[in-house]
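K.L.:
Below is one structure. I have some questions about it.
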Amino acid sequence: MTMGGKIRTALRRCLAAGLAVCLLAALPAAAADFDNPYSAYAQENQPFSEQAGTATAVFAPDGLGAGAQRGAYGGRQDVAVLAEAGASVTFAVQVSADGLYAIVPEYTGCLETDKTIKMGLQIDGAQPFFEAGELELPRCYENATNDFETDALGNELRPEQRQCVYWQQTPFFQEEVGTNAPYYFHL
């Protein structure tokens with residue numbers, strides 16, 4: 001069985017997303033629906049099966065919204081570059097079986113800003129639960145130098161950190177205290 005769906009993405013900060021993305025979804029924070037937290041969404045979508053099928057995502061034909069471009073970034077070709085606040089992109093998603101999926105985008109942050117990558121997610125035009133409107137992705141940093149200076153006592157000093165272009169895959173995960181479990185989305 002093949003299920004289809006559209007995931008619309010929009011970013012408040014700079015992000016480049018590749019077609020190699022398993023699934024990518026983001027949207028600027030919409031009106032908060034405090035009556036629909038992830039815990040209620042997860043309960044509604046039980047029983048949970050970790051054996052859901054595979055999923056692929058491709059640019060939807062009319063998927064580039066205002067502020068988004070299709071181009072090259074960070075050594076990759078044919079990626080969505082969302083370089084301004086409110087930029088959006090839509091991916092058409094095909095799943096092999098109806099079920100719950102962890103969304104694991106492959107992305108890199110744009111070097112033009114060091115702001116947190118914040119986004120929201122909608123599936124088929126609706127935010128599935130409150131926390132899906134407040135997702136964040138980490139940026140990647142590296143040492144500006146590998147020469148470690150020392151202080152007067154001989155202790156090595158941490159070198160300056162600089163943001164780097166590094167394509168990474170990170171699931172959208174729960175930021176609650178005591179968990180780093182990914183969010184699961186019904187597709």
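Starting from 1 in every chain, residues are counted up; chains themselves are A, B, ... following the order of the structure tokens, and ligands are numbered from 1 as listed.
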Set the distance at 10 Å and use only C-alpha atoms: which residues neighbour Asp35 in chain A once local chain neighbours fewer than 4 positions away are removed? I'd like the list as a JSON list (two decimals) with N, CA, C and O atoms, in the first residue's frame.
P.N.:
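And here's selection-v4.json as it stands now:
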[["chain", "number", "residue", "atom", "x", "y", "z"],
["A", 40, "ALA", "N", -0.98, 13.47, 23.84],
["A", 40, "ALA", "CA", -2.33, 13.10, 23.38],
["A", 40, "ALA", "C", -2.29, 12.55, 21.96],
["A", 40, "ALA", "O", -2.95, 11.56, 21.65],
["A", 129, "PHE", "N", 0.32, 18.25, 16.25],
["A", 129, "PHE", "CA", 0.28, 18.45, 17.70],
["A", 129, "PHE", "C", 1.05, 19.72, 18.01],
["A", 129, "PHE", "O", 1.82, 20.23, 17.19],
["A", 130, "PHE", "N", 0.83, 20.27, 19.18],
["A", 130, "PHE", "CA", 1.38, 21.57, 19.56],
["A", 130, "PHE", "C", 2.88, 21.67, 19.35],
["A", 130, "PHE", "O", 3.38, 22.61, 18.73]]
K.L.:
Excluding Asn143 in chain A and its own-chain neighbours fewer than 3 positions away, which residues fall within 7 Å of it when counting only C-alpha atoms? Please give them as a VMD selection string.
P.N.:
chain A and resid 146 159 to 162
K.L.:
Taking all heavy atoms for each residue, export the selection above as a short mmCIF file (atom, residue, chain, number, x, y, z; two decimals), in the first residue's frame.
P.N.:
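File produced: selection.cif:
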data_model
loop_
_atom_site.label_atom_id
_atom_site.label_comp_id
_atom_site.auth_asym_id
_atom_site.auth_seq_id
_atom_site.Cartn_x
_atom_site.Cartn_y
_atom_site.Cartn_z
N ASN A 146 43.41 24.12 15.77
CA ASN A 146 43.75 22.93 16.56
C ASN A 146 44.98 23.15 17.42
O ASN A 146 45.51 22.23 18.02
CB ASN A 146 43.93 21.71 15.64
CG ASN A 146 42.60 21.20 15.13
OD1 ASN A 146 41.59 21.28 15.81
ND2 ASN A 146 42.59 20.71 13.91
N PRO A 159 39.64 26.54 22.21
CA PRO A 159 39.73 27.47 21.09
C PRO A 159 38.36 28.04 20.73
O PRO A 159 37.32 27.48 21.09
CB PRO A 159 40.28 26.63 19.94
CG PRO A 159 40.12 25.22 20.35
CD PRO A 159 39.91 25.18 21.83
N GLU A 160 38.37 29.14 20.01
CA GLU A 160 37.14 29.75 19.53
C GLU A 160 36.39 28.74 18.66
O GLU A 160 37.00 27.96 17.93
CB GLU A 160 37.48 30.98 18.70
CG GLU A 160 36.29 31.68 18.11
CD GLU A 160 36.69 32.85 17.23
OE1 GLU A 160 37.79 33.39 17.41
OE2 GLU A 160 35.89 33.21 16.37
N GLN A 161 35.09 28.74 18.77
CA GLN A 161 34.26 27.84 17.97
C GLN A 161 33.69 28.60 16.78
O GLN A 161 33.34 29.77 16.90
CB GLN A 161 33.11 27.27 18.82
CG GLN A 161 33.57 26.45 19.99
CD GLN A 161 34.26 25.18 19.54
OE1 GLN A 161 33.63 24.29 18.98
NE2 GLN A 161 35.57 25.10 19.77
N ARG A 162 33.61 27.94 15.64
CA ARG A 162 33.00 28.54 14.46
C ARG A 162 32.04 27.53 13.84
O ARG A 162 32.26 26.32 13.89
CB ARG A 162 34.04 29.00 13.46
CG ARG A 162 34.80 27.85 12.82
CD ARG A 162 35.73 28.34 11.74
NE ARG A 162 36.50 27.19 11.27
CZ ARG A 162 37.76 27.21 10.97
NH1 ARG A 162 38.45 28.32 11.05
NH2 ARG A 162 38.35 26.11 10.55
#
K.L.:
From a DSSP calculation on the backbone, collect every residue of range 47-175 of chain A in strand (DSSP E) and output the set as a PyMOL selection string.
P.N.:
chain A and resi 55-64+68-73+76-82+87-95+100-102+106-108+117-123+135-137+141-143+161-163+168-169
K.L.:
Would you please work out which residue, of A:Thr116, A:Gln69, A:Asn36, A:Thr170, is nearest to Ser88 in chain A when using only C-alpha atoms?
P.N.:
A:Gln69
K.L.:
Compile the contact shell of Pro182 in chain A as a PyMOL selection string: residues with an atom at most 8 Å away, counting only C-alpha atoms, same-chain residues fewer than 4 positions apart removed.
P.N.:
chain A and resi 102+171-174
K.L.:
Residues of the last selection are to be written out with N, CA and C atoms, as an mmCIF file, in the first residue's frame.
P.N.:
data_model
loop_
_atom_site.group_PDB
_atom_site.id
_atom_site.type_symbol
_atom_site.label_atom_id
_atom_site.label_comp_id
_atom_site.auth_asym_id
_atom_site.auth_seq_id
_atom_site.Cartn_x
_atom_site.Cartn_y
_atom_site.Cartn_z
ATOM 1 N N ALA A 102 9.403 8.450 12.372
ATOM 2 C CA ALA A 102 10.268 9.503 12.887
ATOM 3 C C ALA A 102 10.769 10.265 11.665
ATOM 4 N N PRO A 171 16.847 13.493 13.935
ATOM 5 C CA PRO A 171 15.383 13.436 14.004
ATOM 6 C C PRO A 171 14.824 14.614 14.794
ATOM 7 N N PHE A 172 13.577 14.955 14.510
ATOM 8 C CA PHE A 172 12.887 15.908 15.368
ATOM 9 C C PHE A 172 12.640 15.170 16.672
ATOM 10 N N PHE A 173 13.206 15.670 17.769
ATOM 11 C CA PHE A 173 13.118 14.927 19.020
ATOM 12 C C PHE A 173 12.463 15.738 20.114
ATOM 13 N N GLN A 174 11.961 14.993 21.095
ATOM 14 C CA GLN A 174 11.298 15.592 22.238
ATOM 15 C C GLN A 174 12.343 16.249 23.127
#
K.L.:
Check the DSSP output for the backbone and give back, as a PyMOL selection string, the residues of range 32-143 of chain A in helix (DSSP H, G or I).
P.N.:
chain A and resi 38-44+130-133
K.L.:
With N, CA and C atoms kept, could you save the residues just selected as a PDB file, in the first residue's frame?
P.N.:
ATOM      1  N   TYR A  38       1.796  16.547  22.243  1.00  0.00           N
ATOM      2  CA  TYR A  38       2.300  15.305  21.652  1.00  0.00           C
ATOM      3  C   TYR A  38       1.815  14.081  22.420  1.00  0.00           C
ATOM      4  N   SER A  39       1.744  14.166  23.741  1.00  0.00           N
ATOM      5  CA  SER A  39       1.317  13.006  24.530  1.00  0.00           C
ATOM      6  C   SER A  39      -0.074  12.536  24.106  1.00  0.00           C
ATOM      7  N   ALA A  40      -0.983  13.474  23.836  1.00  0.00           N
ATOM      8  CA  ALA A  40      -2.331  13.101  23.383  1.00  0.00           C
ATOM      9  C   ALA A  40      -2.289  12.549  21.964  1.00  0.00           C
ATOM     10  N   TYR A  41      -1.488  13.160  21.091  1.00  0.00           N
ATOM     11  CA  TYR A  41      -1.340  12.705  19.706  1.00  0.00           C
ATOM     12  C   TYR A  41      -0.793  11.277  19.680  1.00  0.00           C
ATOM     13  N   ALA A  42       0.251  11.012  20.477  1.00  0.00           N
ATOM     14  CA  ALA A  42       0.852   9.677  20.521  1.00  0.00           C
ATOM     15  C   ALA A  42      -0.147   8.650  21.047  1.00  0.00           C
ATOM     16  N   GLN A  43      -0.926   9.026  22.046  1.00  0.00           N
ATOM     17  CA  GLN A  43      -1.925   8.114  22.591  1.00  0.00           C
ATOM     18  C   GLN A  43      -2.990   7.773  21.556  1.00  0.00           C
ATOM     19  N   GLU A  44      -3.409   8.771  20.763  1.00  0.00           N
ATOM     20  CA  GLU A  44      -4.416   8.550  19.716  1.00  0.00           C
ATOM     21  C   GLU A  44      -3.910   7.618  18.627  1.00  0.00           C
ATOM     22  N   PHE A 130       0.829  20.271  19.179  1.00  0.00           N
ATOM     23  CA  PHE A 130       1.377  21.574  19.556  1.00  0.00           C
ATOM     24  C   PHE A 130       2.885  21.674  19.347  1.00  0.00           C
ATOM     25  N   GLU A 131       3.637  20.698  19.845  1.00  0.00           N
ATOM     26  CA  GLU A 131       5.093  20.773  19.792  1.00  0.00           C
ATOM     27  C   GLU A 131       5.638  20.753  18.363  1.00  0.00           C
ATOM     28  N   ALA A 132       4.845  20.280  17.395  1.00  0.00           N
ATOM     29  CA  ALA A 132       5.279  20.267  15.996  1.00  0.00           C
ATOM     30  C   ALA A 132       5.441  21.686  15.454  1.00  0.00           C
ATOM     31  N   GLY A 133       4.925  22.676  16.127  1.00  0.00           N
ATOM     32  CA  GLY A 133       5.091  24.066  15.727  1.00  0.00           C
ATOM     33  C   GLY A 133       6.300  24.729  16.358  1.00  0.00           C
TER      34      GLY A 133
END
K.L.:
Between A:Glu142, A:Asp62, A:Glu106, A:Glu112, which residue has the minimum interatomic distance to Val89 in chain A, considering only C-alpha atoms?
P.N.:
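The closest residue to Val89 in chain A is A:Asp62.
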K.L.:
Figure out the distance between CA of Phe185 in chain A and CA of Val104 in chain A, please, to one decimal in Å.
P.N.:
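One can read the CA of Val104 in chain A to CA of Phe185 in chain A distance as 11.1 Å.
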K.L.:
What's the separation between CA of Phe91 in chain A and CA of Gly109 in chain A, in Å to one decimal place?
P.N.:
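That distance, rounded to one decimal, is 18.9 Å.
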K.L.:
Between A:Thr113, A:Thr150, A:Gln122, A:Thr90, single out the one closest to His186 in chain A, counting only C-alpha atoms.
P.N.:
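Looking at the shortest contact to His186 in chain A, the residue is A:Gln122.
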K.L.:
Grab the CA of Tyr73 in chain A to CA of Val165 in chain A distance for me, in Å with one decimal place.
P.N.:
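Result for CA of Tyr73 in chain A versus CA of Val165 in chain A: 9.0 Å, one decimal.
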K.L.:
Ranking A:Ile123, A:Gly154, A:Cys110, A:Gln163 by minimum distance to Gly74 in chain A and counting only C-alpha atoms, which one comes first?
P.N.:
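Going through A:Ile123, A:Gly154, A:Cys110, A:Gln163 one by one, the smallest distance to Gly74 in chain A is for A:Cys110.
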K.L.:
A:Arg139, A:Ala152, A:Ala126, A:Thr108: which is nearest Gly75 in chain A, counting only C-alpha atoms?
P.N.:
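Smallest distance to Gly75 in chain A is found for A:Thr108.
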